[in-house]
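Raw contents of input.csv, CSV, C-alpha atoms and all ligand atoms:
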```
chain,number,residue,atom,x,y,z
A,281,MET,CA,-133.7,-111.9,-228.7
A,282,ASN,CA,-136.3,-112.4,-231.4
A,283,PRO,CA,-139.0,-109.7,-231.3
A,284,ILE,CA,-142.5,-110.8,-230.2
A,285,PRO,CA,-144.7,-111.6,-233.2
A,286,GLU,CA,-147.1,-108.7,-233.9
A,287,ARG,CA,-150.1,-110.9,-233.4
A,288,TYR,CA,-149.3,-110.9,-229.6
A,289,ALA,CA,-148.7,-107.2,-229.4
A,290,ARG,CA,-151.8,-106.3,-227.2
A,291,GLN,CA,-151.1,-109.2,-224.8
A,292,ALA,CA,-147.4,-108.4,-224.4
A,293,ARG,CA,-148.4,-104.8,-223.8
A,294,PHE,CA,-150.3,-105.9,-220.7
A,295,HIS,CA,-148.1,-105.1,-217.6
A,296,GLY,CA,-148.6,-108.6,-216.1
A,297,ILE,CA,-147.3,-110.4,-219.1
A,298,GLY,CA,-144.8,-108.2,-221.0
A,299,THR,CA,-142.4,-109.4,-223.6
A,300,ASP,CA,-140.8,-111.8,-221.1
A,301,GLY,CA,-144.1,-113.4,-220.3
A,302,GLN,CA,-145.1,-113.7,-224.0
A,303,THR,CA,-141.7,-115.3,-224.8
A,304,GLU,CA,-142.4,-117.8,-222.0
A,305,LEU,CA,-145.9,-118.6,-223.2
A,306,MET,CA,-144.6,-119.5,-226.7
A,307,THR,CA,-142.4,-122.2,-225.2
A,308,LYS,CA,-145.2,-123.9,-223.2
A,309,ARG,CA,-147.2,-127.1,-223.8
A,310,VAL,CA,-150.5,-127.6,-222.1
A,311,LEU,CA,-152.6,-130.8,-221.9
A,312,VAL,CA,-156.4,-130.2,-222.3
A,313,VAL,CA,-158.6,-133.2,-221.7
A,314,GLY,CA,-162.0,-133.0,-223.2
A,315,LEU,CA,-163.1,-130.9,-226.2
A,316,GLY,CA,-166.7,-130.3,-225.4
A,317,ALA,CA,-167.9,-126.8,-224.5
A,318,LEU,CA,-165.2,-126.0,-221.9
A,319,GLY,CA,-162.4,-127.5,-224.0
A,320,ALA,CA,-163.5,-125.6,-227.1
A,321,ALA,CA,-163.6,-122.3,-225.2
A,322,VAL,CA,-160.3,-122.6,-223.3
A,323,THR,CA,-158.3,-124.0,-226.2
A,324,ASP,CA,-159.5,-121.1,-228.4
A,325,GLN,CA,-158.1,-118.6,-225.9
A,326,LEU,CA,-154.8,-120.4,-225.2
A,327,VAL,CA,-154.0,-120.9,-228.9
A,328,ARG,CA,-154.7,-117.2,-229.6
A,329,ALA,CA,-152.4,-116.4,-226.7
A,330,GLY,CA,-149.6,-118.4,-228.3
A,331,VAL,CA,-149.6,-121.6,-226.2
A,332,SER,CA,-149.0,-125.0,-227.8
A,333,LEU,CA,-151.5,-127.8,-226.9
A,334,VAL,CA,-152.0,-131.5,-226.5
A,335,ILE,CA,-155.7,-132.0,-227.0
A,336,VAL,CA,-157.7,-135.2,-226.3
A,337,ASP,CA,-161.3,-136.2,-226.8
A,338,ARG,CA,-163.1,-139.6,-227.3
A,339,ASP,CA,-166.2,-138.4,-229.0
A,340,TYR,CA,-167.4,-136.9,-232.3
A,341,VAL,CA,-169.3,-133.7,-233.1
A,342,ASP,CA,-173.0,-133.9,-232.8
A,343,VAL,CA,-175.6,-131.3,-233.7
A,344,THR,CA,-176.6,-130.8,-230.0
A,345,ASN,CA,-173.0,-129.6,-229.4
A,346,LEU,CA,-173.2,-126.5,-231.7
A,347,GLN,CA,-175.1,-124.3,-229.2
A,348,ARG,CA,-172.0,-124.0,-227.0
A,349,GLN,CA,-169.0,-125.9,-228.4
A,350,THR,CA,-167.6,-122.9,-230.3
A,351,LEU,CA,-164.9,-124.6,-232.4
A,352,TYR,CA,-167.3,-126.7,-234.4
A,353,THR,CA,-169.6,-126.2,-237.4
A,354,GLU,CA,-172.6,-127.8,-239.0
A,355,GLN,CA,-170.2,-129.5,-241.4
A,356,ASP,CA,-168.4,-131.2,-238.5
A,357,ALA,CA,-171.7,-132.4,-237.1
A,358,ASP,CA,-172.9,-133.7,-240.5
A,359,ALA,CA,-169.6,-135.6,-241.0
A,360,LYS,CA,-169.5,-136.7,-237.3
A,361,THR,CA,-165.9,-135.6,-237.3
A,362,PRO,CA,-164.0,-136.6,-234.1
A,363,LYS,CA,-163.8,-133.6,-231.9
A,364,ALA,CA,-160.0,-133.9,-231.6
A,365,ILE,CA,-159.7,-133.6,-235.4
A,366,ALA,CA,-162.2,-130.8,-235.9
A,367,ALA,CA,-160.7,-128.9,-233.0
A,368,ARG,CA,-157.1,-129.3,-234.2
A,369,ASP,CA,-158.0,-128.1,-237.7
A,370,ARG,CA,-159.9,-125.1,-236.4
A,371,LEU,CA,-157.1,-124.2,-233.8
A,372,ASN,CA,-154.4,-124.6,-236.5
A,373,SER,CA,-156.4,-122.2,-238.7
A,374,ILE,CA,-156.5,-119.6,-235.8
A,375,ASN,CA,-152.8,-119.8,-235.1
A,376,GLY,CA,-150.4,-121.6,-237.4
A,377,ASP,CA,-147.4,-120.6,-235.3
A,378,ILE,CA,-148.1,-123.0,-232.4
A,379,ASN,CA,-148.3,-126.8,-232.3
A,380,VAL,CA,-151.6,-128.6,-231.6
A,381,GLU,CA,-151.1,-132.4,-231.0
A,382,ALA,CA,-154.5,-134.1,-231.3
A,383,HIS,CA,-155.5,-137.5,-229.9
A,384,ILE,CA,-158.8,-139.4,-230.4
A,385,THR,CA,-158.8,-141.5,-227.3
A,386,ASP,CA,-160.2,-142.1,-223.8
A,387,VAL,CA,-157.7,-140.8,-221.4
A,388,SER,CA,-156.2,-143.4,-219.1
A,389,TRP,CA,-153.2,-143.9,-216.9
A,390,ASP,CA,-151.8,-146.2,-219.7
A,391,TRP,CA,-152.0,-143.3,-222.1
A,392,LEU,CA,-150.9,-140.5,-219.7
A,393,ARG,CA,-147.8,-142.3,-218.5
A,394,GLU,CA,-146.5,-142.3,-222.1
A,395,LEU,CA,-147.2,-138.6,-222.6
A,396,ALA,CA,-144.2,-136.3,-223.3
A,397,PRO,CA,-143.7,-133.5,-220.7
A,398,VAL,CA,-146.4,-130.9,-220.4
A,399,ASP,CA,-146.3,-127.8,-218.3
A,400,LEU,CA,-149.9,-127.8,-217.1
A,401,VAL,CA,-153.1,-130.0,-217.1
A,402,LEU,CA,-156.5,-128.5,-217.8
A,403,ASP,CA,-159.8,-130.3,-216.9
A,404,ALA,CA,-162.4,-130.0,-219.6
A,405,THR,CA,-164.0,-133.3,-219.0
A,406,ASP,CA,-167.5,-134.3,-217.9
A,407,ASN,CA,-166.9,-137.0,-215.3
A,408,VAL,CA,-165.4,-137.4,-211.8
A,409,GLU,CA,-163.4,-140.5,-212.7
A,410,THR,CA,-161.3,-138.7,-215.3
A,411,ARG,CA,-160.9,-135.6,-213.1
A,412,LEU,CA,-159.4,-137.7,-210.3
A,413,LEU,CA,-157.1,-139.4,-212.8
A,414,LEU,CA,-155.9,-136.0,-214.0
A,415,ASN,CA,-155.6,-134.8,-210.4
A,416,ASP,CA,-153.3,-137.7,-209.6
A,417,PHE,CA,-151.4,-137.5,-212.8
A,418,ALA,CA,-150.6,-133.8,-212.3
A,419,LEU,CA,-149.6,-134.3,-208.7
A,420,HIS,CA,-147.4,-137.3,-209.7
A,421,ARG,CA,-145.7,-135.1,-212.4
A,422,GLY,CA,-145.4,-132.1,-210.0
A,423,ILE,CA,-147.4,-129.7,-212.2
A,424,PRO,CA,-150.7,-127.8,-211.6
A,425,PHE,CA,-154.1,-129.0,-212.5
A,426,LEU,CA,-156.9,-126.6,-213.3
A,427,PHE,CA,-160.2,-128.2,-212.3
A,428,ALA,CA,-163.3,-126.7,-214.0
A,429,SER,CA,-166.9,-127.9,-214.1
A,430,CYS,CA,-170.2,-126.5,-215.3
A,431,VAL,CA,-173.8,-127.6,-215.7
A,432,GLY,CA,-177.0,-125.6,-216.1
A,433,ALA,CA,-175.9,-122.0,-215.3
A,434,TYR,CA,-173.6,-123.1,-212.5
A,435,GLY,CA,-169.8,-123.4,-212.6
A,436,MET,CA,-166.8,-124.1,-210.5
A,437,ASN,CA,-163.1,-123.5,-210.8
A,438,TYR,CA,-160.2,-124.6,-208.6
A,439,THR,CA,-156.5,-124.7,-209.1
A,440,VAL,CA,-154.7,-127.7,-207.7
A,441,LEU,CA,-151.0,-126.9,-207.0
A,442,PRO,CA,-148.6,-129.8,-206.5
A,443,SER,CA,-146.9,-128.5,-203.4
A,444,GLU,CA,-150.1,-127.1,-201.8
A,445,ALA,CA,-153.1,-128.9,-200.4
A,446,PRO,CA,-156.0,-129.5,-200.7
A,447,CYS,CA,-156.2,-131.3,-204.0
A,448,LEU,CA,-159.4,-132.2,-205.9
A,449,ARG,CA,-159.6,-135.6,-204.1
A,450,CYS,CA,-159.7,-133.8,-200.8
A,451,LEU,CA,-162.5,-131.6,-202.0
A,452,MET,CA,-164.6,-134.3,-203.6
A,453,ARG,CA,-167.0,-134.8,-200.8
A,454,HIS,CA,-167.6,-131.1,-200.5
A,455,LEU,CA,-168.4,-130.5,-204.2
A,456,PRO,CA,-171.8,-130.9,-205.7
A,457,LEU,CA,-170.5,-132.8,-208.7
A,458,ALA,CA,-172.7,-135.9,-209.0
A,459,GLY,CA,-176.2,-136.4,-210.3
A,460,GLN,CA,-176.6,-133.6,-212.8
A,461,THR,CA,-175.3,-133.7,-216.3
A,462,CYS,CA,-175.6,-131.3,-219.3
A,463,ALA,CA,-178.0,-133.9,-220.9
A,464,THR,CA,-180.4,-134.0,-217.9
A,465,VAL,CA,-180.5,-130.4,-216.8
A,466,GLY,CA,-179.0,-128.6,-219.8
A,467,VAL,CA,-176.2,-126.0,-219.9
A,468,LEU,CA,-175.9,-122.4,-221.0
A,469,ALA,CA,-173.1,-121.2,-223.2
A,470,PRO,CA,-172.3,-118.1,-221.0
A,471,ILE,CA,-171.4,-120.1,-217.9
A,472,VAL,CA,-169.1,-122.3,-220.0
A,473,GLN,CA,-167.3,-119.2,-221.4
A,474,HIS,CA,-167.1,-117.8,-217.9
A,475,VAL,CA,-165.6,-120.9,-216.4
A,476,ALA,CA,-163.3,-121.4,-219.4
A,477,SER,CA,-162.1,-117.8,-219.1
A,478,ARG,CA,-161.2,-118.3,-215.5
A,479,GLN,CA,-159.2,-121.4,-216.5
A,480,ALA,CA,-157.5,-119.5,-219.2
A,481,ILE,CA,-156.4,-116.6,-217.0
A,482,GLU,CA,-155.0,-119.0,-214.4
A,483,ALA,CA,-153.1,-120.8,-217.2
A,484,LEU,CA,-151.7,-117.5,-218.4
A,485,LYS,CA,-150.6,-116.5,-214.9
A,486,TYR,CA,-148.9,-119.9,-214.2
A,487,LEU,CA,-147.3,-120.2,-217.6
A,488,THR,CA,-145.8,-116.7,-217.4
A,489,GLY,CA,-144.3,-117.5,-214.0
A,490,ARG,CA,-146.7,-115.2,-212.0
A,491,VAL,CA,-147.7,-117.9,-209.5
A,492,GLU,CA,-148.2,-115.3,-206.8
A,493,LYS,CA,-151.2,-114.1,-208.8
A,494,LEU,CA,-152.9,-117.5,-208.9
A,495,GLU,CA,-156.4,-117.8,-207.3
A,496,ARG,CA,-156.1,-120.3,-204.3
A,497,ARG,CA,-159.8,-120.3,-203.5
A,498,LEU,CA,-162.6,-122.4,-204.8
A,499,LEU,CA,-164.8,-120.3,-207.1
A,500,ILE,CA,-168.5,-121.0,-207.5
A,501,GLU,CA,-170.8,-119.1,-209.7
A,502,ASP,CA,-174.5,-119.3,-210.8
A,503,VAL,CA,-174.9,-116.8,-213.6
A,504,TRP,CA,-178.7,-117.3,-213.7
A,505,GLU,CA,-179.3,-116.8,-209.9
A,506,ASN,CA,-176.6,-114.1,-209.7
A,507,LEU,CA,-174.7,-116.0,-207.1
A,508,SER,CA,-170.9,-115.8,-206.7
A,509,GLN,CA,-168.7,-117.3,-204.0
A,510,ARG,CA,-165.0,-117.5,-203.3
A,511,LEU,CA,-164.4,-120.1,-200.7
A,512,ASP,CA,-161.2,-120.6,-198.7
A,513,VAL,CA,-160.7,-124.3,-198.7
A,514,GLU,CA,-157.3,-124.7,-197.0
A,515,ARG,CA,-158.9,-126.3,-193.9
A,516,LEU,CA,-160.6,-128.9,-196.1
A,517,VAL,CA,-157.3,-130.9,-196.5
A,518,ASP,CA,-158.0,-134.6,-195.9
A,519,GLY,CA,-155.0,-135.7,-193.8
A,520,SER,CA,-155.3,-139.2,-195.2
A,521,CYS,CA,-155.7,-138.1,-198.8
A,522,ALA,CA,-154.1,-140.8,-201.0
A,523,SER,CA,-153.3,-138.2,-203.7
A,524,CYS,CA,-151.7,-135.1,-202.0
A,525,GLN,CA,-150.9,-136.6,-198.6
A,526,THR,CA,-149.8,-140.2,-198.7
A,527,ARG,CA,-149.1,-139.9,-202.4
A,528,SER,CA,-150.2,-143.4,-203.5
A,529,TYR,CA,-152.2,-141.9,-206.4
A,530,PRO,CA,-155.1,-144.4,-206.5
A,531,SER,CA,-156.3,-143.3,-209.9
A,532,LEU,CA,-153.0,-144.1,-211.6
A,533,VAL,CA,-153.9,-147.7,-212.3
A,534,SER,CA,-153.8,-149.8,-215.5
A,535,ASN,CA,-156.6,-152.0,-216.8
A,536,ARG,CA,-159.0,-149.7,-218.4
A,537,GLN,CA,-162.6,-150.4,-217.8
A,538,GLN,CA,-164.2,-152.4,-220.6
A,539,THR,CA,-167.3,-150.2,-220.7
A,540,ALA,CA,-168.3,-146.7,-219.8
A,541,HIS,CA,-171.4,-144.6,-220.0
A,542,LEU,CA,-171.0,-141.4,-222.0
A,543,CYS,CA,-172.2,-138.4,-220.2
A,544,GLY,CA,-176.0,-138.3,-219.8
A,545,ARG,CA,-176.6,-140.1,-223.1
A,546,ASP,CA,-178.1,-143.4,-224.1
A,547,VAL,CA,-174.8,-144.5,-225.3
A,548,VAL,CA,-172.4,-147.2,-223.9
A,549,GLN,CA,-168.8,-147.3,-224.9
A,550,VAL,CA,-167.3,-150.7,-225.3
A,551,ARG,CA,-163.6,-151.4,-225.7
A,552,LYS,CA,-162.4,-153.9,-228.2
A,553,PHE,CA,-159.1,-155.1,-229.5
A,554,ILE,CA,-159.2,-154.4,-233.2
A,555,ASP,CA,-156.6,-155.1,-235.9
A,556,GLY,CA,-157.4,-151.9,-237.9
A,557,ILE,CA,-160.7,-150.3,-238.7
A,558,GLU,CA,-160.3,-151.3,-242.4
A,559,ASN,CA,-160.4,-155.0,-241.4
A,560,ILE,CA,-163.5,-154.4,-239.4
A,561,ALA,CA,-165.2,-152.5,-242.2
A,562,GLN,CA,-164.4,-155.4,-244.6
A,563,ARG,CA,-165.7,-158.0,-242.2
A,564,LEU,CA,-169.0,-156.1,-241.8
A,565,GLU,CA,-169.3,-155.7,-245.5
A,566,ARG,CA,-168.8,-159.4,-246.0
A,567,ALA,CA,-171.7,-159.9,-243.7
A,568,GLU,CA,-173.7,-157.6,-246.0
A,569,ILE,CA,-173.9,-154.8,-243.5
A,570,ASP,CA,-173.8,-151.2,-244.8
A,571,VAL,CA,-170.9,-149.3,-243.4
A,572,ARG,CA,-169.9,-145.7,-243.5
A,573,ARG,CA,-166.2,-145.0,-243.3
A,574,THR,CA,-164.0,-142.0,-242.5
A,575,PRO,CA,-160.3,-142.1,-241.9
A,576,PHE,CA,-161.1,-142.2,-238.1
A,577,THR,CA,-164.3,-144.1,-237.8
A,578,VAL,CA,-166.5,-146.9,-239.1
A,579,GLU,CA,-170.2,-146.6,-238.6
A,580,TRP,CA,-173.0,-149.1,-239.1
A,581,HIS,CA,-176.4,-150.2,-237.8
A,582,TRP,CA,-177.2,-153.3,-235.9
A,583,ARG,CA,-180.8,-154.0,-235.0
A,584,GLU,CA,-181.8,-150.3,-235.0
A,585,HIS,CA,-178.7,-149.4,-232.9
A,586,ARG,CA,-176.1,-147.2,-234.3
A,587,MET,CA,-172.6,-148.4,-233.8
A,588,LEU,CA,-169.5,-146.2,-234.2
A,589,LEU,CA,-166.0,-147.6,-234.0
A,590,PHE,CA,-163.0,-145.3,-233.5
A,591,ILE,CA,-159.5,-146.2,-234.6
A,592,ASP,CA,-158.4,-146.7,-231.0
A,593,GLY,CA,-160.8,-149.7,-230.6
A,594,ARG,CA,-163.7,-148.0,-228.8
A,595,ILE,CA,-167.2,-148.7,-230.0
A,596,LEU,CA,-170.1,-146.4,-229.1
A,597,VAL,CA,-173.3,-148.4,-229.0
A,598,HIS,CA,-176.3,-146.0,-229.3
A,599,GLY,CA,-179.7,-146.5,-227.8
A,600,VAL,CA,-178.8,-148.8,-224.9
A,601,ASP,CA,-178.0,-148.2,-221.3
A,602,ASP,CA,-177.0,-151.6,-220.1
A,603,PRO,CA,-173.3,-152.3,-220.5
A,604,GLY,CA,-173.9,-156.1,-220.7
A,605,VAL,CA,-176.3,-155.7,-223.6
A,606,ALA,CA,-173.9,-153.4,-225.4
A,607,ILE,CA,-171.0,-155.9,-225.0
A,608,ALA,CA,-173.3,-158.7,-226.3
A,609,MET,CA,-174.3,-156.7,-229.3
A,610,VAL,CA,-170.7,-155.8,-230.2
A,611,ASP,CA,-169.6,-159.5,-229.8
A,612,GLU,CA,-172.6,-160.5,-232.0
A,613,CYS,CA,-171.7,-158.4,-234.9
A,614,LEU,CA,-167.9,-158.4,-234.6
A,615,GLY,CA,-167.2,-161.7,-233.0
A,616,THR,CA,-165.4,-162.1,-229.7
A,701,ZN,ZN,-155.7,-134.4,-201.5
```

Can you dump the structure from the file as structure tokens?
Amino acid sequence: MNPIPERYARQARFHGIGTDGQTELMTKRVLVVGLGALGAAVTDQLVRAGVSLVIVDRDYVDVTNLQRQTLYTEQDADAKTPKAIAARDRLNSINGDINVEAHITDVSWDWLRELAPVDLVLDATDNVETRLLLNDFALHRGIPFLFASCVGAYGMNYTVLPSEAPCLRCLMRHLPLAGQTCATVGVLAPIVQHVASRQAIEALKYLTGRVEKLERRLLIEDVWENLSQRLDVERLVDGSCASCQTRSYPSLVSNRQQTAHLCGRDVVQVRKFIDGIENIAQRLERAEIDVRRTPFTVEWHWREHRMLLFIDGRILVHGVDDPGVAIAMVDECLGT
């Protein structure tokens, strides 16, 4: 057997992992959806631990991210680099021995169904819809899903196991998930690191085969109010749950939504079929509109609104909150 690389010596020395566990870790591939604060923190830990990743995010780096999204720099914010690209480059520079597969996209069932096998799914998203999609995807594939959420100084963790109930859908009506976002009530970096670390340790336990060590309870923490709870949730199984009981997986549906609000911002995302961002850029230039191009995006202004087109056909329309207005503006400048 090949010796364990020296970089993992302290981790392999830990009794719970050992050389066998470390060898296992180096064969694993984990899907992390969302590369905001949580995604940045947990991918940093997993890559250092020797785990290969599939990382996905639909957004770009903004200056307001830098307070807590630890993979990114001022240069990334100035260049509006897609988070998936900035994260991949940073993670590769931390550990060149593992593989980081990066995708700039909005996760959907159409995208997930094509995904090559992964061992584990990590939630680092900011919305309920995507969490339920990941819950159903993981149950459908028979792999665990690590739910995590934080806002303000408050955070939650829960491990969804494919053969054990309840799942996240069962717990939804018991969780205080709706109404508050990082944009409306803020978020502190320490709770993010805290929740991400809990996710990372559960990932390490599962990926090394130590499932008996997994935390089965729902963890809730408020690091500002010094509150900490571990809740037994076994009795919260919803007997008619379409995800873990009847297994009809209601979130695994095609037909992506045409529009979506981005978390807590005055930004509407519009989907558009495009035949290459270069063609779009040229079309705008012919209309005498100034465009700014990167290999991944085209940016321009339309009546004081900033528009940002990604290579997968999503357009972020800034400064609006009405999806109908956003679609009309996109159609106006790009045609229908
Ligand atoms: Zn369920």

Name all residues at most 10 Å from segment 484-489 of chain A (count all atoms listed in the file; drop same-chain ones fewer than 4 positions away) and give them as a list in words.
Gly296, Ile297, Gly298, Asp300, Gly301, Gln302, Thr303, Glu304, Leu305, Met306, Thr307, Lys308, Arg309, Val310, Gln325, Leu326, Ala329, Val331, Asp399, Leu400, Pro424, Arg478, Gln479, Ala480, Lys493, Leu494 and Glu495 of chain A

Please list as a list in words every residue within 9 Å of Leu451 of chain A, counting all atoms listed in the file and excluding residues in the same chain fewer than 6 positions away.
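Listing them by chain and then by number gives Val513, Leu516, Val517 and Asp518 of chain A.
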
Within 12 Å of ligand ZN 701 (chain A), counting all atoms listed in the file, residues as a ChimeraX atom specification:
/A:412,415-416,418-419,440-453,513-530

Please report the interatomic distance between atom CA of Ser332 of chain A and atom CA of Val472 of chain A in Å with one decimal.
21.7 Å

So what do you get for atom CA of Val533 of chain A versus atom CA of Asp386 of chain A, distance-wise?
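Atom-to-atom, atom CA of Val533 of chain A to atom CA of Asp386 of chain A, that is 14.3 Å.
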
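The space separating atom CA of Asp601 of chain A from atom CA of Asp546 of chain A comes to 5.6 Å.
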
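When only C-alpha atoms are used to compute distances to Gly422 of chain A, the closest of the residues A:Val548, A:Val398, A:Leu589, A:Val605 turns out to be A:Val398.
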